[in-house]
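Colleague: Here you go, this is model37.cif (mmCIF, C-alpha atoms).
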data_work
#
loop_
_atom_site.label_atom_id
_atom_site.label_comp_id
_atom_site.auth_asym_id
_atom_site.auth_seq_id
_atom_site.Cartn_x
_atom_site.Cartn_y
_atom_site.Cartn_z
CA MET A 329 15.62 18.48 21.48
CA LEU A 330 18.49 19.22 19.13
CA PRO A 331 18.00 22.58 17.39
CA VAL A 332 18.64 20.94 14.02
CA PHE A 333 15.43 18.91 14.28
CA ARG A 334 13.34 21.89 15.31
CA ALA A 335 14.77 23.98 12.48
CA ALA A 336 14.25 21.25 9.89
CA ALA A 337 10.69 20.64 11.04
CA GLU A 338 9.90 24.35 10.87
CA ARG A 339 11.36 24.75 7.39
CA LEU A 340 9.59 21.68 6.05
CA GLY A 341 6.32 22.29 7.88
CA PHE A 342 6.52 18.83 9.48
CA THR A 343 5.54 17.63 12.93
CA ILE A 344 8.02 16.16 15.40
CA THR A 345 7.66 12.97 17.44
CA PRO A 346 9.90 13.43 20.49
CA PRO A 347 12.33 10.89 21.98
CA GLY A 348 10.83 7.91 23.74
CA ALA A 349 8.14 7.20 21.14
CA GLY A 350 9.87 4.00 20.04
CA LEU A 351 12.54 1.56 21.16
CA PHE A 352 14.95 2.03 18.25
CA VAL A 353 13.85 5.37 16.82
CA ASP A 354 14.58 8.68 18.46
CA PHE A 355 13.45 11.88 16.75
CA GLN A 356 10.97 11.60 13.92
CA LEU A 357 9.70 14.24 11.52
CA SER A 358 6.62 13.55 9.41
CA GLY A 359 4.49 15.43 6.95
CA GLU A 360 3.21 15.49 3.39
CA ARG A 361 4.62 16.87 0.15
CA ASP A 362 2.61 16.93 -3.07
CA GLY A 363 0.41 14.06 -1.95
CA HIS A 364 3.32 11.92 -0.76
CA ALA A 365 3.76 10.98 2.91
CA VAL A 366 7.28 11.86 4.07
CA ARG A 367 9.02 10.57 7.19
CA ILE A 368 12.48 11.39 8.53
CA HIS A 369 13.77 9.52 11.56
CA SER A 370 17.04 9.11 13.41
CA ASP A 371 18.72 6.13 15.01
CA ILE A 372 19.08 6.01 18.80
CA PHE A 373 22.58 7.49 18.58
CA LEU A 374 21.45 10.52 16.52
CA ARG A 375 24.10 9.79 13.89
CA VAL A 376 21.99 8.45 11.02
CA LEU A 377 18.89 9.87 9.39
CA HIS A 378 16.47 7.89 7.24
CA THR A 379 14.43 9.87 4.71
CA GLU A 380 11.42 8.00 3.38
CA VAL A 381 8.87 9.07 0.75
CA ARG A 382 5.85 6.84 0.16
CA PHE A 383 4.00 6.50 -3.12
CA PRO A 384 0.35 7.65 -2.88
CA THR A 385 -0.62 4.30 -4.43
CA PRO A 386 1.67 1.29 -3.96
CA PHE A 387 2.98 -0.62 -6.97
CA ASP A 388 2.32 -4.35 -7.33
CA LEU A 389 5.68 -5.44 -8.73
CA GLY A 390 7.14 -7.23 -5.71
CA LEU A 391 9.99 -4.79 -6.26
CA HIS A 392 13.09 -4.37 -4.14
CA VAL A 393 16.15 -2.44 -5.36
CA ALA A 394 19.20 -1.68 -3.22
CA PRO A 395 22.98 -1.51 -3.63
CA ALA A 396 24.38 -5.01 -4.09
CA GLY A 397 25.12 -6.52 -0.69
CA GLN A 398 23.39 -3.81 1.31
CA GLY A 399 20.34 -5.79 2.42
CA SER A 400 17.90 -3.98 4.68
CA LEU A 401 18.66 -0.36 5.53
CA GLY A 402 18.59 -1.21 9.20
CA THR A 403 21.06 -4.08 9.18
CA ARG A 404 24.26 -3.64 7.23
CA PRO A 405 26.65 -0.68 6.88
CA VAL A 406 27.89 0.32 3.46
CA ALA A 407 31.41 -0.91 4.28
CA LEU A 408 30.14 -4.51 4.15
CA ARG A 409 28.44 -4.25 0.76
CA LYS A 410 31.04 -6.38 -1.04
CA LEU A 411 30.87 -9.16 1.55
CA GLY A 412 27.09 -9.00 1.54
CA SER A 413 27.01 -9.17 -2.23
CA LEU A 414 29.25 -12.26 -2.26
CA LEU A 415 27.20 -14.05 0.40
CA GLY A 416 24.00 -13.09 -1.36
CA LYS A 417 25.20 -14.68 -4.60
CA ILE A 418 26.09 -17.88 -2.77
CA PHE A 419 23.11 -18.27 -0.44
CA GLY A 420 20.47 -15.77 -1.52
CA LYS A 421 17.73 -15.63 -4.10
CA PRO A 422 19.19 -14.84 -7.56
CA ASP A 423 18.99 -11.19 -8.53
CA THR A 424 16.94 -10.03 -11.46
CA GLN A 425 19.12 -9.13 -14.45
CA ILE A 426 17.82 -6.48 -16.83
CA GLY A 427 20.64 -6.50 -19.39
CA ASP A 428 22.16 -3.17 -18.30
CA PRO A 429 25.66 -4.11 -16.98
CA GLN A 430 26.00 -1.01 -14.85
CA ILE A 431 22.64 -1.60 -13.17
CA ASP A 432 23.05 -5.36 -12.89
CA ASP A 433 26.51 -5.08 -11.28
CA SER A 434 25.64 -2.23 -8.92
CA PHE A 435 22.28 -3.27 -7.52
CA SER A 436 20.42 -6.18 -6.03
CA ILE A 437 17.06 -6.26 -7.84
CA HIS A 438 14.10 -8.47 -7.12
CA ALA A 439 10.63 -8.46 -8.71
CA ASP A 440 7.82 -10.90 -9.43
CA GLU A 441 8.12 -10.39 -13.20
CA ASP A 442 11.35 -9.15 -14.75
CA SER A 443 9.50 -7.88 -17.82
CA ARG A 444 7.45 -5.34 -15.83
CA ILE A 445 10.16 -3.32 -14.08
CA GLY A 446 12.02 -1.76 -17.02
CA PRO A 447 10.20 1.62 -17.02
CA VAL A 448 10.66 2.01 -13.25
CA LEU A 449 14.39 1.34 -13.37
CA GLU A 450 14.80 3.58 -16.40
CA ALA A 451 13.11 6.43 -14.53
CA ALA A 452 15.25 5.84 -11.44
CA ARG A 453 18.54 4.96 -13.16
CA GLU A 454 20.53 8.18 -12.95
CA ASP A 455 19.53 9.00 -9.37
CA LEU A 456 20.21 5.50 -8.08
CA LEU A 457 23.62 5.35 -9.77
CA ALA A 458 24.53 8.77 -8.34
CA TRP A 459 23.50 7.69 -4.85
CA HIS A 460 25.41 4.45 -5.24
CA GLU A 461 28.54 6.34 -6.31
CA SER A 462 28.26 8.65 -3.29
CA GLY A 463 28.15 5.70 -0.87
CA VAL A 464 24.79 6.42 0.76
CA SER A 465 22.40 3.59 1.52
CA PHE A 466 18.98 3.44 -0.09
CA GLU A 467 16.07 1.19 -1.03
CA LEU A 468 13.29 1.27 -3.57
CA ASP A 469 10.27 -0.98 -3.21
CA ASP A 470 6.58 -1.10 -4.08
CA ARG A 471 5.63 1.38 -1.38
CA LYS A 472 8.45 3.85 -0.93
CA VAL A 473 11.85 5.31 -1.71
CA SER A 474 14.19 5.40 1.30
CA LEU A 475 17.59 7.03 1.82
CA ARG A 476 19.97 6.66 4.77
CA ARG A 477 22.75 9.12 5.41
CA TYR A 478 25.22 9.79 8.23
CA TYR A 479 25.05 13.33 9.58
CA SER A 480 26.81 15.60 11.99
CA LEU A 481 23.66 16.63 13.83
CA THR A 482 25.31 19.60 15.49
CA SER A 483 26.27 21.21 12.19
CA GLY A 484 24.36 24.22 10.96
CA GLN A 485 24.58 22.89 7.41
CA THR A 486 22.66 19.76 8.40
CA VAL A 487 19.26 21.48 8.06
CA ASP A 488 20.03 22.34 4.44
CA SER A 489 21.14 18.76 3.82
CA ILE A 490 18.01 17.26 5.40
CA CYS A 491 15.75 19.45 3.27
CA ALA A 492 17.81 18.67 0.16
CA ASP A 493 17.41 14.94 0.80
CA VAL A 494 13.64 15.35 1.10
CA ASP A 495 13.59 17.20 -2.22
CA ALA A 496 15.79 14.58 -3.92
CA VAL A 497 13.86 11.54 -2.67
CA LEU A 498 10.54 13.20 -3.50
CA ALA A 499 11.71 14.08 -7.00
CA LEU A 500 12.73 10.47 -7.62
CA ALA A 501 9.41 9.17 -6.28
CA LYS A 502 7.56 11.47 -8.70
CA ARG A 503 9.62 10.29 -11.66
CA ILE A 504 8.87 6.69 -10.77
CA GLU A 505 5.18 7.56 -10.40
CA ARG A 506 5.13 8.95 -13.95
CA ALA A 507 6.52 5.63 -15.21
CA ARG A 508 3.52 3.78 -13.76
CA GLU A 509 1.36 4.30 -16.87
CA ASP A 510 3.96 2.49 -18.99
CA LEU A 511 3.83 -0.69 -16.89
CA PRO A 512 1.83 -3.69 -18.12
CA THR A 513 -0.68 -5.47 -15.93
CA ALA A 514 0.66 -8.35 -13.85
CA GLU A 515 0.54 -11.59 -15.84
CA VAL A 516 -1.77 -13.37 -13.39
CA LEU A 517 -4.18 -10.43 -13.51
CA LYS A 518 -4.60 -10.24 -17.28
CA VAL A 519 -7.63 -12.51 -17.12
CA HIS A 520 -9.26 -9.97 -14.76
CA ALA A 521 -8.20 -6.78 -16.54
CA PRO A 522 -11.16 -6.74 -19.00
CA ALA A 523 -13.64 -6.80 -16.11
CA PHE A 524 -12.04 -3.68 -14.64
CA ALA A 525 -11.82 -1.93 -18.01
CA GLU A 526 -15.43 -2.69 -18.92
CA LEU A 527 -16.79 -1.44 -15.59
CA SER A 528 -14.66 1.70 -15.88
CA ALA A 529 -15.89 2.43 -19.42
CA LEU A 530 -19.53 1.75 -18.55
CA HIS A 531 -19.63 4.16 -15.60
CA GLY A 532 -16.91 6.67 -16.48
CA LEU A 533 -14.61 5.55 -13.68
CA HIS A 534 -10.87 6.03 -13.36
CA LEU A 535 -8.72 3.07 -14.44
CA SER A 536 -5.19 1.94 -13.57
CA THR A 537 -3.20 -1.05 -14.82
CA THR A 538 -0.50 -0.96 -12.09
CA PRO A 539 -2.01 -1.74 -9.72
CA LEU A 540 -5.09 -3.01 -11.53
CA ALA A 541 -7.83 -0.76 -10.18
CA THR A 542 -10.90 1.32 -10.95
CA TRP A 543 -12.49 3.99 -8.79
CA GLY A 544 -14.91 6.90 -8.81
CA THR A 545 -18.55 7.58 -7.91
CA LEU A 546 -21.35 5.05 -8.40
CA ALA A 547 -24.97 5.56 -7.35
CA GLY A 548 -23.92 8.49 -5.17
CA LEU A 549 -21.34 6.36 -3.35
CA THR A 550 -17.56 6.58 -3.37
CA TYR A 551 -16.40 3.38 -5.05
CA PHE A 552 -13.13 1.54 -5.53
CA ALA A 553 -12.05 -1.90 -6.68
CA HIS A 554 -8.41 -2.90 -6.90
CA ALA A 555 -6.21 -5.98 -7.04
CA THR A 556 -3.94 -6.00 -4.00
CA ARG A 557 -0.68 -7.97 -4.08
CA ARG A 558 -0.31 -10.38 -1.16
CA GLY A 559 2.77 -12.25 -2.39
CA PRO A 560 4.51 -13.41 -5.58
CA GLY A 561 1.71 -14.12 -8.04
CA LEU A 562 -0.94 -13.81 -5.30
CA PHE A 563 -3.57 -11.11 -5.48
CA GLU A 564 -6.92 -10.42 -3.88
CA LEU A 565 -9.79 -8.15 -4.83
CA GLU A 566 -10.59 -5.27 -2.50
CA LEU A 567 -13.93 -3.60 -3.22
CA GLY A 568 -15.27 -0.68 -1.24
CA LEU A 569 -18.30 1.61 -1.13
CA ALA A 570 -18.48 4.62 1.14
CA SER A 571 -21.52 6.75 1.92
CA PRO A 572 -21.27 10.56 1.92
CA GLY A 573 -22.03 10.56 5.64
CA PRO A 574 -22.60 8.14 8.52
CA TRP A 575 -25.85 6.27 8.79
CA ALA A 576 -28.30 7.08 11.56
CA ALA A 577 -27.85 3.64 13.14
CA LYS A 578 -24.59 2.90 14.92
CA GLY A 579 -22.94 -0.48 14.63
CA GLY A 580 -21.99 -2.80 11.79
CA LEU A 581 -21.07 -6.33 10.87
CA ARG A 582 -18.17 -8.45 9.70
CA THR A 583 -17.55 -12.03 8.68
CA ARG A 584 -17.06 -14.38 11.60
CA THR A 585 -13.65 -15.94 12.25
CA GLU A 586 -12.48 -19.06 14.04
CA ASP A 587 -11.50 -16.89 17.00
CA ASP A 588 -15.07 -15.63 17.60
CA ASP A 589 -17.09 -17.19 20.39
CA ASP A 590 -20.37 -18.76 19.32
CA ASP A 591 -22.32 -16.25 21.38
CA ALA A 592 -20.40 -13.22 20.12
CA GLY A 593 -22.46 -10.50 18.43
CA LEU A 594 -26.18 -10.20 17.88
CA ARG A 595 -28.36 -12.84 16.25
CA VAL A 596 -30.96 -11.69 13.72
CA GLY A 597 -32.90 -14.95 13.49
CA ASP A 598 -31.54 -16.00 10.08
CA GLU A 599 -29.60 -19.22 10.67
CA ARG A 600 -27.36 -19.08 7.59
CA PHE A 601 -26.74 -15.34 7.99
CA ASP A 602 -25.90 -15.68 11.68
CA GLU A 603 -23.38 -18.43 10.87
CA VAL A 604 -21.52 -16.19 8.46
CA PHE A 605 -21.73 -12.70 10.00
CA LEU A 606 -21.16 -11.14 13.40
CA VAL A 607 -23.49 -8.18 13.95
CA GLU A 608 -22.94 -5.36 16.43
CA GLY A 609 -25.47 -2.72 17.45
CA ALA A 610 -29.19 -3.30 17.94
CA ASP A 611 -30.16 -0.31 15.80
CA PHE A 612 -27.96 -1.54 12.98
CA ALA A 613 -29.42 -5.07 13.25
CA LYS A 614 -32.89 -3.63 12.64
CA ARG A 615 -31.72 -2.38 9.23
CA LEU A 616 -30.79 -5.87 8.06
CA SER A 617 -33.88 -6.59 5.99
CA GLU A 618 -34.33 -9.89 4.18
CA ASP A 619 -33.10 -8.29 0.95
CA ALA A 620 -30.03 -6.88 2.71
CA ARG A 621 -29.22 -10.26 4.27
CA LYS A 622 -29.59 -12.09 0.95
CA GLY A 623 -27.41 -9.51 -0.73
CA LEU A 624 -24.67 -9.85 1.87
CA LEU A 625 -24.68 -13.62 1.58
CA GLY A 626 -24.51 -13.22 -2.20
CA LEU A 627 -21.24 -11.33 -1.82
CA MET A 628 -19.62 -14.27 -0.04
CA ARG A 629 -18.37 -16.14 -3.11
CA GLY A 630 -16.14 -18.40 -1.01
CA GLU A 631 -15.18 -19.19 2.55
CA SER A 632 -12.03 -17.11 2.25
CA ASN A 633 -13.94 -13.90 1.49
CA GLU A 634 -13.93 -11.20 4.16
CA LEU A 635 -16.54 -8.47 4.46
CA ARG A 636 -17.01 -5.52 6.78
CA LEU A 637 -20.00 -3.19 6.79
CA GLY A 638 -20.43 -0.16 9.00
CA GLU A 639 -21.83 3.31 9.23
CA HIS A 640 -19.41 4.58 6.56
CA GLY A 641 -19.83 1.81 4.01
CA LEU A 642 -18.77 -1.62 2.84
CA HIS A 643 -15.37 -3.28 2.35
CA LEU A 644 -15.02 -6.69 0.68
CA ARG A 645 -11.87 -8.78 0.23
CA ALA A 646 -11.82 -11.89 -1.98
CA PRO A 647 -9.03 -13.98 -3.56
CA LEU A 648 -8.38 -13.52 -7.28
CA GLY A 649 -7.89 -16.86 -8.98
CA ALA A 650 -7.57 -18.13 -12.54
CA ASP A 651 -11.19 -17.38 -13.48
CA ARG A 652 -12.25 -13.87 -14.44
CA VAL A 653 -13.70 -12.00 -11.48
CA PRO A 654 -17.40 -11.04 -11.92
CA LEU A 655 -16.63 -7.47 -10.94
CA ALA A 656 -19.76 -5.86 -12.38
CA GLU A 657 -21.98 -8.40 -10.61
CA LEU A 658 -20.20 -7.99 -7.28
CA THR A 659 -20.35 -4.20 -7.60
CA GLU A 660 -24.09 -4.25 -8.36
CA LYS A 661 -24.76 -6.51 -5.37
CA ALA A 662 -22.62 -4.36 -3.07
CA ILE A 663 -24.48 -1.18 -4.11
CA ALA A 664 -27.84 -2.89 -3.55
CA VAL A 665 -26.76 -3.96 -0.04
CA VAL A 666 -25.61 -0.47 0.95
CA LYS A 667 -28.78 1.12 -0.44
CA ALA A 668 -30.97 -1.43 1.34
CA ILE A 669 -29.30 -0.74 4.68
CA GLU A 670 -29.29 3.03 4.16
CA GLY A 671 -33.05 2.87 3.65
CA GLY A 672 -33.70 0.20 6.28
CA SER A 673 -35.48 0.81 9.54
#
In structure tokens, how does this file's structure come out?

Modeller:
Amino acid sequence: MLPVFRAAAERLGFTITPPGAGLFVDFQLSGERDGHAVRIHSDIFLRVLHTEVRFPTPFDLGLHVAPAGQGSLGTRPVALRKLGSLLGKIFGKPDTQIGDPQIDDSFSIHADEDSRIGPVLEAAREDLLAWHESGVSFELDDRKVSLRRYYSLTSGQTVDSICADVDAVLALAKRIERAREDLPTAEVLKVHAPAFAELSALHGLHLSTTPLATWGTLAGLTYFAHATRRGPGLFELELGLASPGPWAAKGGLRTRTEDDDDDAGLRVGDERFDEVFLVEGADFAKRLSEDARKGLLGLMRGESNELRLGEHGLHLRAPLGADRVPLAELTEKAIAVVKAIEGGS
């Protein structure tokens, strides 16, 4: 192992994944800073280091910002930016224009809604322009800030540079995080926003507009509900309830899929229930009272819903359409199901 990696890991308090852990990645350092997951990894030639800081909660903007013509960090060197920018204008998806000539000319920007990204770009502006001027490669998206830099990995100064990059990328991620509260809710989610706000106000839960989410403690259970982006203008509801500790009975259930054999899982003698859910664990099956089964079926608002229930709680996924989601009703039903199974025998 090169001494520079060992020294950087020791100074940062990170762990090291040794060579051979991946086909295209050699050394990797990983850890956490101020609630942000941080990863540093090299290419197979030990000449390039990628520094990546992930947001604790992803955004839902469909955002991608990079130097014009750069493309993915793993594909195109900085020397080909101008060619990449020209080809992108001819064949690629049009870039978002925000009315700031310096930003518009320097970066390729994509987002679902142009009107939502202003505060993020304002928070990141000076750092991104400085990085662009220095010639390093970087990306900003809904989940992370990434920086790629060429290093002399035998230089003693490299450890200082690696740590400085971690500090710089983390500082930018924090500034972008602070801009989150100034972002409006996604246009397609505005019909659902009142349901989240009302549930939050009624039970004293936390509330976020980007992403649209509410979370906290309900009926002694850890609760969350958030709108997860699955594509441009496409969102689904994720609702979860977690018990303080595991239940006495091992096992669980999930919605059946087309890939499941007809005889997979346990049957509980309820024809409709057995069509929809696959049950595992005899002790768990005994806890599925009539009330619990009715409650679980009541959570399946459509065929595209997905539900998992186990010893640590419940997780529901359902598409969010044009009609306001009945979040309070779904939450009440989910709590009733968990309580029924916790008390079942």

Colleague: For stretch 592-607 of chain A, list every protein, DNA or RNA residue within 9 Å, evaluated using all atoms listed in the file, and leave out those in the same chain fewer than 6 positions away; present the list as a list in words.

Modeller: Gly579, Gly580, Leu581, Arg582, Thr583, Arg584, Thr585, Ala613, Lys614, Leu616, Glu618, Arg621, Lys622, Leu624, Leu625, Met628 and Leu635 of chain A

Colleague: So how far away is atom CA of A:Thr659 from atom CA of A:Ala646, in Å?

Modeller: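 These atoms are spaced 12.8 Å apart.
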
Colleague: Decode the PyMOL selection byres ((chain A and resi 539) around 9) for the given file into explicit residues and return them as a list in words.

Modeller: Thr385, Pro386, Phe387, Asp388, Leu389, Arg508, Thr513, Ala514, Ser536, Thr537, Thr538, Leu540, Ala541, His554, Ala555, Thr556 and Arg557 of chain A

Colleague: Compare A:Phe466, A:Phe355, A:Tyr551, A:Trp543 by their minimum atom-to-atom distance to A:Ser436, counting only C-alpha atoms, and give me the closest one.

Modeller: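 Nearest candidate to A:Ser436 out of A:Phe466, A:Phe355, A:Tyr551, A:Trp543: A:Phe466.
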
Colleague: Atom CA of A:Ile490 and atom CA of A:Thr379 are how many Å apart?

Modeller: 8.2 Å

Colleague: Which polymer residues, whether protein, DNA or RNA, lie within 7 Å of the coordinate (-10.3, -8.9, -2.6) when you count all atoms listed in the file? List them as an MDAnalysis selection string, using the chain letters and numbers from the file.

Modeller: chainID A and resid 555 564:567 644:648

Colleague: Please, what distance in Å, to one decimal, runs between atom CA of A:Ala451 and atom CA of A:Glu509?

Modeller: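 Going from atom CA of A:Ala451 over to atom CA of A:Glu509, I get 12.2 Å.
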
Colleague: Kindly output stretch 566-587 of chain A as a PDB file, in the frame of the given file, after building N, CA and C atoms.

Modeller:
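Output saved as part27.pdb:
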ATOM      1  N   GLU A 566     -10.030  -6.115  -3.556  1.00  0.00           N
ATOM      2  CA  GLU A 566     -10.590  -5.270  -2.500  1.00  0.00           C
ATOM      3  C   GLU A 566     -11.611  -4.357  -3.154  1.00  0.00           C
ATOM      4  N   LEU A 567     -12.827  -4.402  -2.669  1.00  0.00           N
ATOM      5  CA  LEU A 567     -13.930  -3.600  -3.220  1.00  0.00           C
ATOM      6  C   LEU A 567     -14.545  -2.816  -2.081  1.00  0.00           C
ATOM      7  N   GLY A 568     -14.738  -1.520  -2.300  1.00  0.00           N
ATOM      8  CA  GLY A 568     -15.270  -0.680  -1.240  1.00  0.00           C
ATOM      9  C   GLY A 568     -16.309   0.300  -1.737  1.00  0.00           C
ATOM     10  N   LEU A 569     -17.274   0.591  -0.885  1.00  0.00           N
ATOM     11  CA  LEU A 569     -18.300   1.610  -1.130  1.00  0.00           C
ATOM     12  C   LEU A 569     -18.431   2.438   0.130  1.00  0.00           C
ATOM     13  N   ALA A 570     -18.380   3.739  -0.014  1.00  0.00           N
ATOM     14  CA  ALA A 570     -18.480   4.620   1.140  1.00  0.00           C
ATOM     15  C   ALA A 570     -19.609   5.606   0.937  1.00  0.00           C
ATOM     16  N   SER A 571     -20.422   5.790   1.971  1.00  0.00           N
ATOM     17  CA  SER A 571     -21.520   6.750   1.920  1.00  0.00           C
ATOM     18  C   SER A 571     -20.987   8.154   2.166  1.00  0.00           C
ATOM     19  N   PRO A 572     -21.710   9.183   1.679  1.00  0.00           N
ATOM     20  CA  PRO A 572     -21.270  10.560   1.920  1.00  0.00           C
ATOM     21  C   PRO A 572     -21.177  10.902   3.398  1.00  0.00           C
ATOM     22  N   GLY A 573     -22.038  10.298   4.210  1.00  0.00           N
ATOM     23  CA  GLY A 573     -22.030  10.560   5.640  1.00  0.00           C
ATOM     24  C   GLY A 573     -22.427   9.322   6.405  1.00  0.00           C
ATOM     25  N   PRO A 574     -22.248   9.322   7.724  1.00  0.00           N
ATOM     26  CA  PRO A 574     -22.600   8.140   8.520  1.00  0.00           C
ATOM     27  C   PRO A 574     -24.097   7.883   8.529  1.00  0.00           C
ATOM     28  N   TRP A 575     -24.445   6.614   8.680  1.00  0.00           N
ATOM     29  CA  TRP A 575     -25.850   6.270   8.790  1.00  0.00           C
ATOM     30  C   TRP A 575     -26.373   6.663  10.171  1.00  0.00           C
ATOM     31  N   ALA A 576     -27.699   6.711  10.274  1.00  0.00           N
ATOM     32  CA  ALA A 576     -28.300   7.080  11.560  1.00  0.00           C
ATOM     33  C   ALA A 576     -28.049   6.009  12.615  1.00  0.00           C
ATOM     34  N   ALA A 577     -28.032   4.745  12.196  1.00  0.00           N
ATOM     35  CA  ALA A 577     -27.850   3.640  13.140  1.00  0.00           C
ATOM     36  C   ALA A 577     -26.373   3.346  13.349  1.00  0.00           C
ATOM     37  N   LYS A 578     -25.967   3.253  14.602  1.00  0.00           N
ATOM     38  CA  LYS A 578     -24.590   2.900  14.920  1.00  0.00           C
ATOM     39  C   LYS A 578     -24.431   1.384  14.929  1.00  0.00           C
ATOM     40  N   GLY A 579     -23.215   0.938  14.616  1.00  0.00           N
ATOM     41  CA  GLY A 579     -22.940  -0.480  14.630  1.00  0.00           C
ATOM     42  C   GLY A 579     -22.448  -0.951  13.269  1.00  0.00           C
ATOM     43  N   GLY A 580     -22.466  -2.259  13.056  1.00  0.00           N
ATOM     44  CA  GLY A 580     -21.990  -2.800  11.790  1.00  0.00           C
ATOM     45  C   GLY A 580     -21.923  -4.316  11.868  1.00  0.00           C
ATOM     46  N   LEU A 581     -21.247  -4.889  10.886  1.00  0.00           N
ATOM     47  CA  LEU A 581     -21.070  -6.330  10.870  1.00  0.00           C
ATOM     48  C   LEU A 581     -19.774  -6.680  10.174  1.00  0.00           C
ATOM     49  N   ARG A 582     -19.345  -7.915  10.372  1.00  0.00           N
ATOM     50  CA  ARG A 582     -18.170  -8.450   9.700  1.00  0.00           C
ATOM     51  C   ARG A 582     -18.324  -9.960   9.618  1.00  0.00           C
ATOM     52  N   THR A 583     -17.535 -10.585   8.755  1.00  0.00           N
ATOM     53  CA  THR A 583     -17.550 -12.030   8.680  1.00  0.00           C
ATOM     54  C   THR A 583     -16.962 -12.617   9.966  1.00  0.00           C
ATOM     55  N   ARG A 584     -17.547 -13.709  10.399  1.00  0.00           N
ATOM     56  CA  ARG A 584     -17.060 -14.380  11.600  1.00  0.00           C
ATOM     57  C   ARG A 584     -15.720 -15.065  11.307  1.00  0.00           C
ATOM     58  N   THR A 585     -14.921 -15.238  12.351  1.00  0.00           N
ATOM     59  CA  THR A 585     -13.650 -15.940  12.250  1.00  0.00           C
ATOM     60  C   THR A 585     -13.623 -17.085  13.246  1.00  0.00           C
ATOM     61  N   GLU A 586     -12.616 -17.934  13.129  1.00  0.00           N
ATOM     62  CA  GLU A 586     -12.480 -19.060  14.040  1.00  0.00           C
ATOM     63  C   GLU A 586     -12.260 -18.606  15.481  1.00  0.00           C
ATOM     64  N   ASP A 587     -11.781 -17.388  15.653  1.00  0.00           N
ATOM     65  CA  ASP A 587     -11.500 -16.890  17.000  1.00  0.00           C
ATOM     66  C   ASP A 587     -12.736 -16.351  17.710  1.00  0.00           C
TER      67      ASP A 587
END
